[in-house]
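Q: Okay, so here is work-v7.tsv, and as you'll see once you scroll down, it has TSV, C-alpha atoms.
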```tsv
chain	number	residue	atom	x	y	z
E	1356	MET	CA	10.58	7.85	-20.45
E	1357	HIS	CA	11.30	6.15	-23.76
E	1358	VAL	CA	10.32	2.74	-22.40
E	1359	LEU	CA	7.16	4.08	-20.76
E	1360	TYR	CA	6.14	5.90	-23.92
E	1361	SER	CA	6.69	2.77	-26.06
E	1362	VAL	CA	4.80	0.48	-23.69
E	1363	MET	CA	1.86	2.89	-23.44
E	1364	GLU	CA	1.70	3.29	-27.23
E	1365	GLU	CA	1.74	-0.49	-27.71
E	1366	ALA	CA	-0.99	-0.96	-25.12
E	1367	LEU	CA	-3.20	1.71	-26.66
E	1368	ASN	CA	-2.71	0.35	-30.18
E	1369	GLN	CA	-3.05	-3.25	-28.97
E	1370	ARG	CA	0.14	-4.53	-30.46
E	1371	ASN	CA	3.09	-6.36	-29.00
E	1372	GLU	CA	6.45	-5.29	-30.39
E	1373	ASP	CA	9.93	-4.94	-28.99
E	1374	ILE	CA	10.85	-1.59	-27.53
E	1375	PRO	CA	12.89	0.32	-30.11
E	1376	ARG	CA	16.53	0.75	-29.16
E	1377	LYS	CA	16.71	4.18	-30.73
E	1378	ILE	CA	15.09	7.05	-28.82
E	1379	SER	CA	13.14	9.45	-30.99
E	1380	GLU	CA	13.92	13.16	-30.84
E	1381	ARG	CA	10.38	13.88	-29.67
E	1382	THR	CA	10.69	11.44	-26.72
E	1383	LEU	CA	14.09	12.87	-25.78
E	1384	ASN	CA	12.72	16.44	-25.76
E	1385	GLU	CA	9.72	15.38	-23.67
E	1386	ALA	CA	12.04	13.67	-21.17
E	1387	ILE	CA	14.18	16.81	-20.89
E	1388	VAL	CA	11.09	18.97	-20.30
E	1389	LEU	CA	9.74	16.53	-17.69
E	1390	SER	CA	13.10	16.40	-15.92
E	1391	GLY	CA	13.22	20.21	-15.81
E	1392	TYR	CA	9.71	20.27	-14.34
E	1393	TYR	CA	10.69	17.84	-11.57
E	1394	GLU	CA	13.80	19.88	-10.74
E	1395	LYS	CA	11.72	23.07	-10.45
E	1396	GLN	CA	9.18	21.33	-8.19
E	1397	ARG	CA	11.96	20.02	-5.96
E	1398	ALA	CA	13.47	23.52	-5.66
E	1399	ILE	CA	10.05	25.03	-4.84
E	1400	LEU	CA	9.35	22.43	-2.14
E	1401	GLN	CA	12.79	22.94	-0.61
E	1402	GLN	CA	12.29	26.72	-0.56
E	1403	VAL	CA	8.85	26.40	1.06
E	1404	SER	CA	10.27	24.09	3.72
E	1405	LEU	CA	13.06	26.55	4.53
E	1406	GLN	CA	10.63	29.47	4.69
E	1407	GLN	CA	8.34	27.60	7.07
E	1408	CYS	CA	11.24	26.85	9.40
E	1409	SER	CA	12.50	30.43	9.37
E	1410	ALA	CA	8.95	31.84	9.70
E	1411	LEU	CA	8.53	29.84	12.88
E	1412	GLY	CA	11.78	31.28	14.21
E	1413	GLU	CA	13.55	27.98	13.83
E	1414	VAL	CA	16.81	26.98	12.29
E	1415	ARG	CA	16.78	26.45	8.56
E	1416	ALA	CA	17.85	22.84	8.22
E	1417	ARG	CA	17.74	19.73	10.34
E	1418	ASN	CA	21.49	19.39	10.58
E	1419	ALA	CA	21.98	23.12	11.07
E	1420	ILE	CA	20.73	23.21	14.67
E	1421	GLY	CA	23.78	24.22	16.60
E	1422	ASP	CA	25.06	22.64	19.76
E	1423	GLN	CA	24.67	25.91	21.64
E	1424	GLU	CA	20.97	26.11	20.69
E	1425	ILE	CA	20.38	22.67	22.19
E	1426	GLN	CA	22.33	23.65	25.30
E	1427	LYS	CA	20.30	26.85	25.67
E	1428	ALA	CA	17.08	24.87	25.24
E	1429	ASN	CA	18.19	22.69	28.18
E	1430	LEU	CA	19.11	25.63	30.38
E	1431	LYS	CA	16.05	27.74	29.50
E	1432	HIS	CA	13.52	24.94	29.90
E	1433	PRO	CA	11.16	25.55	32.84
E	1434	GLY	CA	11.67	23.54	36.00
E	1435	LEU	CA	14.57	21.93	37.79
E	1436	PHE	CA	14.82	18.99	35.40
E	1437	VAL	CA	13.91	18.10	31.84
E	1438	THR	CA	13.87	14.89	29.81
E	1439	LEU	CA	15.79	14.34	26.61
E	1440	LYS	CA	12.47	13.78	24.84
E	1441	ARG	CA	11.14	17.20	25.93
E	1442	ILE	CA	14.21	18.98	24.57
E	1443	TYR	CA	14.11	16.94	21.36
E	1444	ARG	CA	10.46	17.83	20.81
E	1445	LYS	CA	11.05	21.50	21.57
E	1446	PHE	CA	12.20	21.85	17.98
E	1447	SER	CA	9.83	21.58	15.01
E	1448	SER	CA	9.70	18.19	13.31
E	1449	ARG	CA	11.08	19.88	10.19
E	1450	CYS	CA	14.08	21.21	12.09
E	1451	ARG	CA	14.79	18.72	14.88
E	1452	PRO	CA	18.31	17.82	15.91
E	1453	ASP	CA	19.40	14.22	16.20
E	1454	ARG	CA	18.54	12.56	19.55
E	1455	ASN	CA	22.16	11.51	20.01
E	1456	ASN	CA	23.23	15.13	19.59
E	1457	VAL	CA	20.73	16.22	22.27
E	1458	ARG	CA	22.14	13.53	24.58
E	1459	SER	CA	25.73	14.60	23.90
E	1460	GLN	CA	24.85	18.25	24.62
E	1461	MET	CA	23.26	17.24	27.93
E	1462	LEU	CA	26.46	15.41	28.80
E	1463	HIS	CA	28.51	18.43	27.72
E	1464	LEU	CA	26.57	20.63	30.15
E	1465	GLU	CA	27.22	18.05	32.84
E	1466	GLY	CA	30.92	18.26	32.00
E	1467	VAL	CA	31.00	22.03	32.48
E	1468	GLY	CA	29.20	21.74	35.81
E	1469	LEU	CA	25.71	23.00	35.04
E	1470	ASP	CA	23.76	19.82	35.54
E	1471	THR	CA	23.66	16.14	36.32
E	1472	VAL	CA	22.39	13.64	33.78
E	1473	ARG	CA	20.74	10.43	34.99
E	1474	GLN	CA	18.62	7.65	33.60
E	1475	VAL	CA	15.30	7.63	35.49
E	1476	GLU	CA	13.07	4.74	34.52
E	1477	ARG	CA	12.89	5.03	30.72
E	1478	SER	CA	13.82	8.72	30.50
E	1479	LEU	CA	17.18	10.43	30.37
E	1480	MET	CA	16.86	13.30	32.87
E	1481	PHE	CA	18.80	16.54	32.86
E	1482	TYR	CA	18.87	17.84	36.46
E	1483	LYS	CA	19.73	21.53	36.58
E	1484	HIS	CA	21.93	22.73	39.39
E	1485	LEU	CA	20.32	25.02	41.95
E	1486	PRO	CA	20.47	28.71	40.98
E	1487	GLY	CA	22.93	29.53	43.78
E	1488	VAL	CA	25.17	26.62	42.79
E	1489	ALA	CA	25.24	27.20	39.01
E	1490	ASN	CA	28.30	29.20	38.00
E	1491	THR	CA	27.17	32.54	36.53
E	1492	GLU	CA	30.28	32.82	34.34
E	1493	THR	CA	29.60	29.41	32.84
E	1494	LEU	CA	25.94	30.36	32.28
E	1495	ALA	CA	27.09	33.53	30.53
E	1496	THR	CA	29.03	31.47	27.99
E	1497	PHE	CA	25.66	30.05	26.92
E	1498	ASP	CA	24.04	33.53	26.81
E	1499	VAL	CA	21.92	32.75	29.86
E	1500	SER	CA	21.87	35.27	32.69
E	1501	ALA	CA	21.70	34.16	36.32
E	1502	GLU	CA	18.31	35.90	36.64
E	1503	ALA	CA	16.86	34.14	33.59
E	1504	TYR	CA	18.22	30.82	34.85
E	1505	THR	CA	16.60	31.36	38.26
E	1506	GLN	CA	13.27	32.36	36.71
E	1507	THR	CA	13.10	29.28	34.47
E	1508	PHE	CA	14.31	27.06	37.31
E	1509	ASN	CA	11.45	28.25	39.52
E	1510	LYS	CA	8.80	27.60	36.86
E	1511	ILE	CA	6.95	24.30	36.67
E	1512	ASP	CA	7.14	22.16	33.55
E	1513	GLU	CA	3.51	21.34	32.83
E	1514	GLY	CA	4.48	18.84	30.13
E	1515	LEU	CA	5.72	16.19	32.54
E	1516	THR	CA	3.34	13.66	34.03
E	1517	ASP	CA	2.94	13.40	37.80
E	1518	SER	CA	4.66	10.01	37.80
E	1519	GLN	CA	7.63	11.46	35.88
E	1520	LYS	CA	7.90	14.34	38.35
E	1521	GLU	CA	7.71	12.00	41.35
E	1522	ALA	CA	10.30	9.61	39.91
E	1523	ALA	CA	12.62	12.49	39.00
E	1524	ILE	CA	12.35	14.09	42.45
E	1525	ALA	CA	12.89	10.74	44.18
E	1526	ASP	CA	16.05	10.15	42.15
E	1527	HIS	CA	17.32	13.74	42.32
E	1528	PRO	CA	21.10	13.76	42.89
E	1529	ASN	CA	20.81	16.63	45.41
E	1530	GLY	CA	17.40	15.79	46.84
E	1531	GLU	CA	17.91	17.36	50.26
E	1532	ALA	CA	19.38	20.59	48.87
E	1533	TYR	CA	16.54	20.76	46.36
E	1534	ASN	CA	13.89	20.31	49.06
E	1535	ASN	CA	15.53	23.04	51.18
E	1536	TYR	CA	15.54	25.36	48.15
E	1537	ILE	CA	11.85	24.69	47.42
E	1538	ASP	CA	10.96	25.32	51.07
E	1539	SER	CA	12.87	28.62	51.02
E	1540	GLN	CA	10.92	29.77	47.93
E	1541	LYS	CA	7.50	29.33	49.60
```
Take the structure in the file and write it out as structure tokens.

A:
Amino acid sequence: MHVLYSVMEEALNQRNEDIPRKISERTLNEAIVLSGYYEKQRAILQQVSLQQCSALGEVRARNAIGDQEIQKANLKHPGLFVTLKRIYRKFSSRCRPDRNNVRSQMLHLEGVGLDTVRQVERSLMFYKHLPGVANTETLATFDVSAEAYTQTFNKIDEGLTDSQKEAAIADHPNGEAYNNYIDSQK
């Protein structure tokens, strides 16, 4: 602040002197006031950001999205499979989890027996287990009922392209069982 003030004064008065080493009391007080203003603005912006996230029903901070919320987003997503990108984008850009955390939560669900994770073309796919195969006790640990799981499983994810759907179905780990299930639902 002191340097800026001195340079501006010299430029306005059209003189070229060295910057004084001693800071005047006036400059110091102005710097303190300006610093206080910036701190208040930062606090206001942070508060507005938190209110927008909570008003949208989202988690308050980027790093505060819990593992269980990501797992629920996987399990409650419509359709029999979902891409990592779709889960990642399910959260607001102000409150998104890290992509690696989404991947690790998909792998965690695979570890507890609720899905199979596979790389299909350029997408990491989360294949849900068929409703009759998914363990209801395990689903309950994620606050997902068997009925809710079945309902979301039977819905169609409109966000996937036809080529993504075809590639995912062609590479489905339980393709025959899936086709039998779909035929039984018609």

Q: For atom CA of Arg1441 of chain E and atom CA of Ala1495 of chain E, quote the distance in Å rounded to one decimal.

A: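 Result for atom CA of Arg1441 of chain E versus atom CA of Ala1495 of chain E: 23.3 Å, one decimal.
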
Q: Which of these, E:Ser1459, E:Asn1529, E:Thr1516, E:Thr1491, has the shortest distance to Thr1471 of chain E once you count all atoms listed in the file?

A: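 Going through E:Ser1459, E:Asn1529, E:Thr1516, E:Thr1491 one by one, the smallest distance to Thr1471 of chain E is for E:Asn1529.
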
Q: I'd like to know which of E:Val1388, E:Cys1450, E:Val1403, E:Val1467 is closest to Gln1426 of chain E, using all atoms listed in the file.

A: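 Checking each candidate against Gln1426 of chain E, we get E:Val1467 as the closest.
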
Q: Extract, using all atoms listed in the file, all DNA, RNA and protein residues at most 8 Å from Val1457 of chain E, discarding same-chain residues fewer than 4 positions from it, and format them as a PyMOL selection string.

A: chain E and resi 1425+1439+1442-1443+1452-1453+1461

Q: My list of candidates is E:Ala1532, E:Val1358, E:Leu1515, E:Glu1364. Which is closest to Val1488 of chain E when distances are computed with only C-alpha atoms?

A: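 Distance minimum relative to Val1488 of chain E lands on E:Ala1532.
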
Q: Need to verify the contact set: Glu1424 of chain E, 12 Å, all atoms listed in the file, exclusion of same-chain residues closer than 5 positions in sequence. Can you return it as a list in words?

A: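 So, after excluding close chain neighbours, the residues are Glu1413, Val1414, Ala1419, Asn1429, Leu1430, Lys1431, His1432, Ile1442, Tyr1443, Lys1445, Phe1446, Arg1451, Pro1452, Asn1456, Val1457, Gln1460, Met1461, Phe1497, Asp1498 and Val1499 of chain E.
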
Q: Write out as a list in words which residues come within 8 Å of Met1480 of chain E when counting all atoms listed in the file, dropping same-chain ones fewer than 6 positions away.

A: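 Listed by chain and then number, they are Phe1436, Val1437, Thr1438, Leu1439, Val1472, Arg1473, Gln1474 and Ala1523 of chain E.
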
Q: Would you mind reading off the distance between atom CA of Met1363 of chain E and atom CA of Glu1385 of chain E, one decimal, in Å?

A: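 Computing the Euclidean distance for atom CA of Met1363 of chain E and atom CA of Glu1385 of chain E yields 14.8 Å.
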
Q: Leaving out Ser1379 of chain E and any residue of its chain fewer than 2 positions from it, which residues lie within 12 Å of it when counting only C-alpha atoms, given as a PDB file with C-alpha atoms, in the coordinates of the input?

A:
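Output file around04.pdb follows:
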```pdb
ATOM      1  CA  MET E1356      10.580   7.850 -20.450  1.00  0.00           C
ATOM      2  CA  HIS E1357      11.300   6.150 -23.760  1.00  0.00           C
ATOM      3  CA  VAL E1358      10.320   2.740 -22.400  1.00  0.00           C
ATOM      4  CA  TYR E1360       6.140   5.900 -23.920  1.00  0.00           C
ATOM      5  CA  SER E1361       6.690   2.770 -26.060  1.00  0.00           C
ATOM      6  CA  ILE E1374      10.850  -1.590 -27.530  1.00  0.00           C
ATOM      7  CA  PRO E1375      12.890   0.320 -30.110  1.00  0.00           C
ATOM      8  CA  ARG E1376      16.530   0.750 -29.160  1.00  0.00           C
ATOM      9  CA  LYS E1377      16.710   4.180 -30.730  1.00  0.00           C
ATOM     10  CA  ARG E1381      10.380  13.880 -29.670  1.00  0.00           C
ATOM     11  CA  THR E1382      10.690  11.440 -26.720  1.00  0.00           C
ATOM     12  CA  LEU E1383      14.090  12.870 -25.780  1.00  0.00           C
ATOM     13  CA  ASN E1384      12.720  16.440 -25.760  1.00  0.00           C
ATOM     14  CA  GLU E1385       9.720  15.380 -23.670  1.00  0.00           C
ATOM     15  CA  ALA E1386      12.040  13.670 -21.170  1.00  0.00           C
TER      16      ALA E1386
END
```

Q: Could you tell me how far atom CA of Leu1435 of chain E lies from atom CA of Tyr1482 of chain E, in Å and to one decimal?

A: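 Result for atom CA of Leu1435 of chain E versus atom CA of Tyr1482 of chain E: 6.1 Å, one decimal.
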
Q: May I have the residues within 12 Å of Glu1476 of chain E as a PDB file with C-alpha atoms, keeping the file's coordinate frame, using all atoms listed in the file and disregarding those fewer than 4 positions away in the same chain?

A:
```
ATOM      1  CA  THR E1438      13.870  14.890  29.810  1.00  0.00           C
ATOM      2  CA  MET E1480      16.860  13.300  32.870  1.00  0.00           C
ATOM      3  CA  SER E1518       4.660  10.010  37.800  1.00  0.00           C
ATOM      4  CA  GLN E1519       7.630  11.460  35.880  1.00  0.00           C
ATOM      5  CA  LYS E1520       7.900  14.340  38.350  1.00  0.00           C
ATOM      6  CA  GLU E1521       7.710  12.000  41.350  1.00  0.00           C
ATOM      7  CA  ALA E1522      10.300   9.610  39.910  1.00  0.00           C
ATOM      8  CA  ALA E1523      12.620  12.490  39.000  1.00  0.00           C
ATOM      9  CA  ALA E1525      12.890  10.740  44.180  1.00  0.00           C
ATOM     10  CA  ASP E1526      16.050  10.150  42.150  1.00  0.00           C
TER      11      ASP E1526
END
```

Q: Nearest to Arg1449 of chain E: which of E:Asp1538, E:Arg1477, E:Gly1391, E:Ile1420 is it, counting all atoms listed in the file?

A: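 Of all the options, E:Ile1420 lies closest to Arg1449 of chain E.
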
Q: Of the candidates E:Ala1428, E:Glu1394, E:Gly1434, E:Leu1389, which one gets nearest to Gly1514 of chain E if we count all atoms listed in the file?

A: E:Gly1434

Q: Have segment 1460-1475 of chain E completed to N, CA and C atoms, please, and pass it along as a compact mmCIF listing (two decimals), in the frame of the given file.

A:
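This is the output file out_17.txt:
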```
# COMPACT_ATOMS: atom_id res chain seq x y z
N GLN E 1460 24.84 16.89 24.09
CA GLN E 1460 24.85 18.25 24.62
C GLN E 1460 24.46 18.28 26.09
N MET E 1461 23.58 17.37 26.50
CA MET E 1461 23.26 17.24 27.93
C MET E 1461 24.51 16.82 28.70
N LEU E 1462 25.24 15.88 28.14
CA LEU E 1462 26.46 15.41 28.80
C LEU E 1462 27.54 16.49 28.81
N HIS E 1463 27.56 17.32 27.76
CA HIS E 1463 28.51 18.43 27.72
C HIS E 1463 28.22 19.41 28.86
N LEU E 1464 26.94 19.73 29.06
CA LEU E 1464 26.57 20.63 30.15
C LEU E 1464 26.92 20.03 31.50
N GLU E 1465 26.81 18.72 31.61
CA GLU E 1465 27.22 18.05 32.84
C GLU E 1465 28.73 18.21 33.03
N GLY E 1466 29.46 18.12 31.94
CA GLY E 1466 30.92 18.26 32.00
C GLY E 1466 31.38 19.64 32.43
N VAL E 1467 30.61 20.68 32.08
CA VAL E 1467 31.00 22.03 32.48
C VAL E 1467 30.40 22.43 33.82
N GLY E 1468 29.68 21.51 34.45
CA GLY E 1468 29.20 21.74 35.81
C GLY E 1468 27.87 22.44 35.94
N LEU E 1469 27.01 22.34 34.94
CA LEU E 1469 25.71 23.00 35.04
C LEU E 1469 24.56 22.04 35.31
N ASP E 1470 24.84 20.77 35.33
CA ASP E 1470 23.76 19.82 35.54
C ASP E 1470 24.30 18.46 35.91
N THR E 1471 23.36 17.55 36.14
CA THR E 1471 23.66 16.14 36.32
C THR E 1471 22.70 15.38 35.43
N VAL E 1472 23.23 14.43 34.67
CA VAL E 1472 22.39 13.64 33.78
C VAL E 1472 22.25 12.24 34.36
N ARG E 1473 21.01 11.77 34.45
CA ARG E 1473 20.74 10.43 34.99
C ARG E 1473 19.63 9.76 34.21
N GLN E 1474 19.70 8.44 34.17
CA GLN E 1474 18.62 7.65 33.60
C GLN E 1474 17.61 7.39 34.70
N VAL E 1475 16.38 7.85 34.52
CA VAL E 1475 15.30 7.63 35.49
C VAL E 1475 14.20 6.87 34.76
```
